[in-house]
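Undergrad: Structure supplied as final-v9.cif; contents: mmCIF, C-alpha atoms.
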```
data_entry
loop_
_atom_site.group_PDB
_atom_site.id
_atom_site.type_symbol
_atom_site.label_atom_id
_atom_site.label_comp_id
_atom_site.auth_asym_id
_atom_site.auth_seq_id
_atom_site.Cartn_x
_atom_site.Cartn_y
_atom_site.Cartn_z
ATOM 1 C CA MET D 149 -70.244 7.281 -58.748
ATOM 2 C CA PHE D 150 -71.312 10.240 -56.592
ATOM 3 C CA VAL D 151 -73.323 7.906 -54.327
ATOM 4 C CA PHE D 152 -70.300 5.586 -54.092
ATOM 5 C CA SER D 153 -68.097 8.495 -53.028
ATOM 6 C CA LEU D 154 -70.536 9.578 -50.335
ATOM 7 C CA ARG D 155 -70.804 6.020 -49.072
ATOM 8 C CA ARG D 156 -67.011 5.722 -49.004
ATOM 9 C CA VAL D 157 -66.700 9.003 -47.063
ATOM 10 C CA GLY D 158 -69.341 7.764 -44.602
ATOM 11 C CA VAL D 159 -67.469 4.508 -44.026
ATOM 12 C CA LEU D 160 -64.184 6.347 -43.566
ATOM 13 C CA CYS D 161 -65.800 8.737 -41.076
ATOM 14 C CA ALA D 162 -67.309 5.820 -39.151
ATOM 15 C CA LEU D 163 -63.939 4.058 -39.038
ATOM 16 C CA GLY D 164 -62.232 7.239 -37.885
ATOM 17 C CA LEU D 165 -64.806 7.747 -35.144
ATOM 18 C CA ALA D 166 -64.463 4.125 -34.016
ATOM 19 C CA SER D 167 -60.679 4.479 -33.889
ATOM 20 C CA TRP D 168 -60.935 7.691 -31.882
ATOM 21 C CA LEU D 169 -63.364 6.084 -29.411
ATOM 22 C CA LEU D 170 -61.067 3.098 -28.921
ATOM 23 C CA GLN D 171 -58.137 5.397 -28.206
ATOM 24 C CA ALA D 172 -60.202 7.542 -25.868
ATOM 25 C CA CYS D 173 -61.382 4.495 -23.908
ATOM 26 C CA SER D 174 -58.052 2.674 -23.839
ATOM 27 C CA PRO D 175 -55.542 3.204 -21.047
ATOM 28 C CA GLU D 176 -53.181 6.125 -21.562
ATOM 29 C CA VAL D 177 -49.860 5.257 -23.120
ATOM 30 C CA THR D 178 -47.111 5.230 -20.522
ATOM 31 C CA LEU D 179 -44.131 7.238 -21.690
ATOM 32 C CA PRO D 180 -40.733 7.570 -20.072
ATOM 33 C CA ASN D 181 -40.461 10.772 -18.114
ATOM 34 C CA VAL D 182 -38.200 12.350 -15.541
ATOM 35 C CA THR D 183 -38.944 14.639 -12.623
ATOM 36 C CA LEU D 184 -37.934 18.269 -12.866
ATOM 37 C CA GLU D 185 -35.384 17.773 -10.074
ATOM 38 C CA GLN D 186 -33.822 14.774 -11.805
ATOM 39 C CA ALA D 187 -33.785 16.605 -15.152
ATOM 40 C CA ARG D 188 -31.961 19.576 -13.665
ATOM 41 C CA ALA D 189 -29.414 17.389 -11.870
ATOM 42 C CA GLU D 190 -28.704 15.242 -14.950
ATOM 43 C CA HIS D 191 -28.555 18.295 -17.230
ATOM 44 C CA GLU D 192 -26.192 20.240 -14.980
ATOM 45 C CA ALA D 193 -23.988 17.136 -14.586
ATOM 46 C CA GLY D 194 -23.770 16.819 -18.390
ATOM 47 C CA LYS D 195 -25.349 13.362 -18.368
ATOM 48 C CA VAL D 196 -28.177 14.260 -20.766
ATOM 49 C CA LEU D 197 -28.926 16.410 -23.784
ATOM 50 C CA MET D 198 -31.853 18.638 -22.810
ATOM 51 C CA ILE D 199 -33.884 20.101 -25.663
ATOM 52 C CA ASP D 200 -36.289 22.986 -25.057
ATOM 53 C CA ILE D 201 -39.117 22.573 -27.573
ATOM 54 C CA ARG D 202 -40.997 25.734 -26.658
ATOM 55 C CA GLU D 203 -41.426 28.247 -29.461
ATOM 56 C CA SER D 204 -39.007 31.171 -29.917
ATOM 57 C CA GLN D 205 -41.271 33.726 -28.223
ATOM 58 C CA GLU D 206 -41.391 31.428 -25.184
ATOM 59 C CA HIS D 207 -37.598 30.975 -25.228
ATOM 60 C CA ALA D 208 -37.316 34.757 -24.948
ATOM 61 C CA THR D 209 -38.655 34.542 -21.376
ATOM 62 C CA GLY D 210 -35.568 32.546 -20.384
ATOM 63 C CA VAL D 211 -34.095 29.079 -20.829
ATOM 64 C CA ALA D 212 -31.942 26.722 -18.801
ATOM 65 C CA GLN D 213 -28.216 27.282 -19.416
ATOM 66 C CA GLY D 214 -26.834 24.820 -21.961
ATOM 67 C CA VAL D 215 -30.115 23.549 -23.439
ATOM 68 C CA VAL D 216 -30.600 23.035 -27.159
ATOM 69 C CA LEU D 217 -33.359 25.234 -28.562
ATOM 70 C CA LEU D 218 -35.529 23.307 -31.003
ATOM 71 C CA PRO D 219 -39.056 24.725 -31.295
ATOM 72 C CA MET D 220 -41.761 22.092 -31.654
ATOM 73 C CA SER D 221 -42.799 23.685 -34.951
ATOM 74 C CA GLN D 222 -39.339 22.788 -36.343
ATOM 75 C CA VAL D 223 -38.918 19.268 -34.936
ATOM 76 C CA ALA D 224 -40.061 17.533 -38.133
ATOM 77 C CA GLN D 225 -37.569 19.485 -40.267
ATOM 78 C CA ARG D 226 -34.711 19.148 -37.765
ATOM 79 C CA VAL D 227 -35.317 15.640 -36.447
ATOM 80 C CA ALA D 228 -31.844 14.557 -37.608
ATOM 81 C CA GLU D 229 -30.430 16.756 -34.842
ATOM 82 C CA ILE D 230 -31.861 14.328 -32.296
ATOM 83 C CA LEU D 231 -29.842 11.145 -32.319
ATOM 84 C CA LYS D 232 -31.941 7.968 -32.455
ATOM 85 C CA GLN D 233 -29.504 5.728 -30.596
ATOM 86 C CA ALA D 234 -27.634 8.336 -28.592
ATOM 87 C CA ASP D 235 -25.283 7.222 -25.866
ATOM 88 C CA GLN D 236 -26.453 10.315 -24.029
ATOM 89 C CA PRO D 237 -30.130 10.328 -23.059
ATOM 90 C CA VAL D 238 -32.309 13.105 -24.479
ATOM 91 C CA LEU D 239 -34.740 15.072 -22.316
ATOM 92 C CA LEU D 240 -37.486 17.153 -23.915
ATOM 93 C CA ILE D 241 -38.830 20.111 -21.984
ATOM 94 C CA CYS D 242 -41.622 22.535 -22.867
ATOM 95 C CA ASN D 243 -43.686 24.886 -20.724
ATOM 96 C CA THR D 244 -45.812 22.374 -18.808
ATOM 97 C CA GLN D 245 -45.039 18.932 -20.309
ATOM 98 C CA ASN D 246 -47.976 18.553 -22.692
ATOM 99 C CA ARG D 247 -46.011 19.255 -25.879
ATOM 100 C CA SER D 248 -42.852 17.491 -24.734
ATOM 101 C CA ARG D 249 -44.920 14.421 -23.870
ATOM 102 C CA ALA D 250 -46.567 14.440 -27.316
ATOM 103 C CA VAL D 251 -43.234 14.891 -29.103
ATOM 104 C CA THR D 252 -41.684 12.104 -27.000
ATOM 105 C CA GLN D 253 -44.476 9.774 -28.087
ATOM 106 C CA ALA D 254 -44.150 10.782 -31.755
ATOM 107 C CA LEU D 255 -40.377 10.288 -31.724
ATOM 108 C CA GLN D 256 -40.694 6.911 -30.022
ATOM 109 C CA GLU D 257 -43.073 5.861 -32.779
ATOM 110 C CA GLN D 258 -40.278 6.781 -35.225
ATOM 111 C CA GLY D 259 -37.773 4.556 -33.421
ATOM 112 C CA PHE D 260 -36.209 6.873 -30.853
ATOM 113 C CA THR D 261 -35.473 4.865 -27.728
ATOM 114 C CA ASN D 262 -33.357 7.061 -25.479
ATOM 115 C CA ILE D 263 -35.772 9.954 -25.014
ATOM 116 C CA ARG D 264 -37.856 11.156 -22.060
ATOM 117 C CA TYR D 265 -39.972 14.196 -21.305
ATOM 118 C CA VAL D 266 -39.557 16.451 -18.274
ATOM 119 C CA ASP D 267 -42.479 16.424 -15.881
ATOM 120 C CA GLY D 268 -43.441 19.975 -14.880
ATOM 121 C CA GLY D 269 -41.640 21.919 -17.582
ATOM 122 C CA MET D 270 -40.125 25.377 -17.687
ATOM 123 C CA SER D 271 -43.118 27.033 -16.004
ATOM 124 C CA GLU D 272 -42.352 25.033 -12.862
ATOM 125 C CA TRP D 273 -38.596 25.629 -13.339
ATOM 126 C CA ALA D 274 -39.271 29.396 -13.312
ATOM 127 C CA LYS D 275 -41.654 29.167 -10.315
ATOM 128 C CA ARG D 276 -38.845 27.559 -8.329
ATOM 129 C CA GLY D 277 -36.514 30.408 -9.194
ATOM 130 C CA TRP D 278 -33.973 28.108 -10.806
ATOM 131 C CA PRO D 279 -31.325 29.769 -13.012
ATOM 132 C CA MET D 280 -32.366 30.883 -16.465
ATOM 133 C CA VAL D 281 -30.578 32.795 -19.226
ATOM 134 C CA LYS D 282 -31.730 34.679 -22.287
ATOM 135 C CA PRO D 283 -31.428 32.585 -25.482
ATOM 136 C CA GLN D 284 -28.824 34.903 -27.010
ATOM 137 C CA ASP D 285 -26.590 34.197 -23.982
ATOM 138 C CA LEU D 286 -26.368 30.560 -25.084
ATOM 139 C CA LEU D 287 -24.599 31.700 -28.251
ATOM 140 C CA ALA D 288 -22.464 34.484 -26.781
ATOM 141 C CA PRO D 289 -18.658 34.024 -26.971
ATOM 142 C CA GLY D 290 -17.152 32.807 -23.736
ATOM 143 C CA LYS D 291 -20.390 31.231 -22.537
ATOM 144 C CA SER D 292 -20.573 27.501 -21.947
#
```
Could you render the structure from this file as structure tokens?
TA:
Amino acid sequence: MFVFSLRRVGVLCALGLASWLLQACSPEVTLPNVTLEQARAEHEAGKVLMIDIRESQEHATGVAQGVVLLPMSQVAQRVAEILKQADQPVLLICNTQNRSRAVTQALQEQGFTNIRYVDGGMSEWAKRGWPMVKPQDLLAPGKS
């Protein structure tokens, strides 16, 4: 039985390695994205729901006015907050686009169809000097 278990583990490892190699050699999955300029324009016009998936300590550096704060570490628990068939498109933004791209792919695999990631992210937003607010200002009375 011990030999059988080792053999089974070896087969599973070989299959896992083969799967990884196929993914590494296959063309990259094309995901829907939006430029930073387009994201800002659509967000400020109220045409999209923009969700900042950076973690709380990153949010503290500043966020775009009116974004929804949903740290990547909480997406699985709060996925119901992202509508699957929303009439309003959803844009995910992180610091550079790596996490938002990965979350976009994961959500698409779960059936989300109206979701894109923002190319460039909040690091580029900040470099351009675009307006940012502190997260607590999003919740302050009289703020929109």
Undergrad: Just say which residues the PyMOL selection byres ((chain D and resi 201) around 9) picks in this file, as a list in words.
TA: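 Applying the expression gives Ile199, Asp200, Arg202, Glu203, Ser204, His207, Val216, Leu217, Leu218, Pro219, Met220, Ser221, Gln222, Val223, Leu240, Ile241, Cys242, Asn243, Arg247, Ser248 and Val251 of chain D.
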Undergrad: Show me, as CSV, the residues of segment 199-225 of chain D having an atom within 9 Å of segment 254-273 of chain D, each with the closest atom pair and its distance in Å, using all atoms listed in the file.
TA:
```
residue,atom,partner,partner_atom,distance
D:Asp200,CA,D:Met270,CA,8.6
D:Gly210,CA,D:Met270,CA,8.9
D:Val211,CA,D:Met270,CA,7.7
D:Ala212,CA,D:Met270,CA,8.4
```
Undergrad: Quick one: distance from atom CA of Thr209 of chain D to atom CA of Arg249 of chain D in Å, one decimal?
TA: 21.2 Å
Undergrad: What is the atom CA of Gln284 of chain D-atom CA of Gln253 of chain D distance in Å, reported with one decimal?
TA: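 Value for the atom CA of Gln284 of chain D-atom CA of Gln253 of chain D distance: 29.6 Å.
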Undergrad: Could you please determine the separation between atom CA of Pro283 of chain D and atom CA of Gln225 of chain D in Å, to one decimal place?
TA: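 If I compute the distance from atom CA of Pro283 of chain D to atom CA of Gln225 of chain D, I get 20.7 Å.
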Undergrad: Kindly resolve the PyMOL selection byres ((chain D and resi 197) around 8) on the present coordinates and return the residues as an NGL selection string.
TA: :D and (191 or 194-196 or 198-199 or 215-216 or 236-239)
Undergrad: Between D:Thr244, D:Val281, D:Glu206, D:Ala250, which is the closest to Leu184 of chain D once you count all atoms listed in the file?
TA: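 Nearest to Leu184 of chain D: D:Thr244.
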Undergrad: Mind listing whatever residues come within 6 Å of the point (-26.3, 22.4, -17.7)? Use all atoms listed in the file, file coordinates, and give them as a list in words.
TA: His191, Glu192, Gln213 and Gly214 of chain D
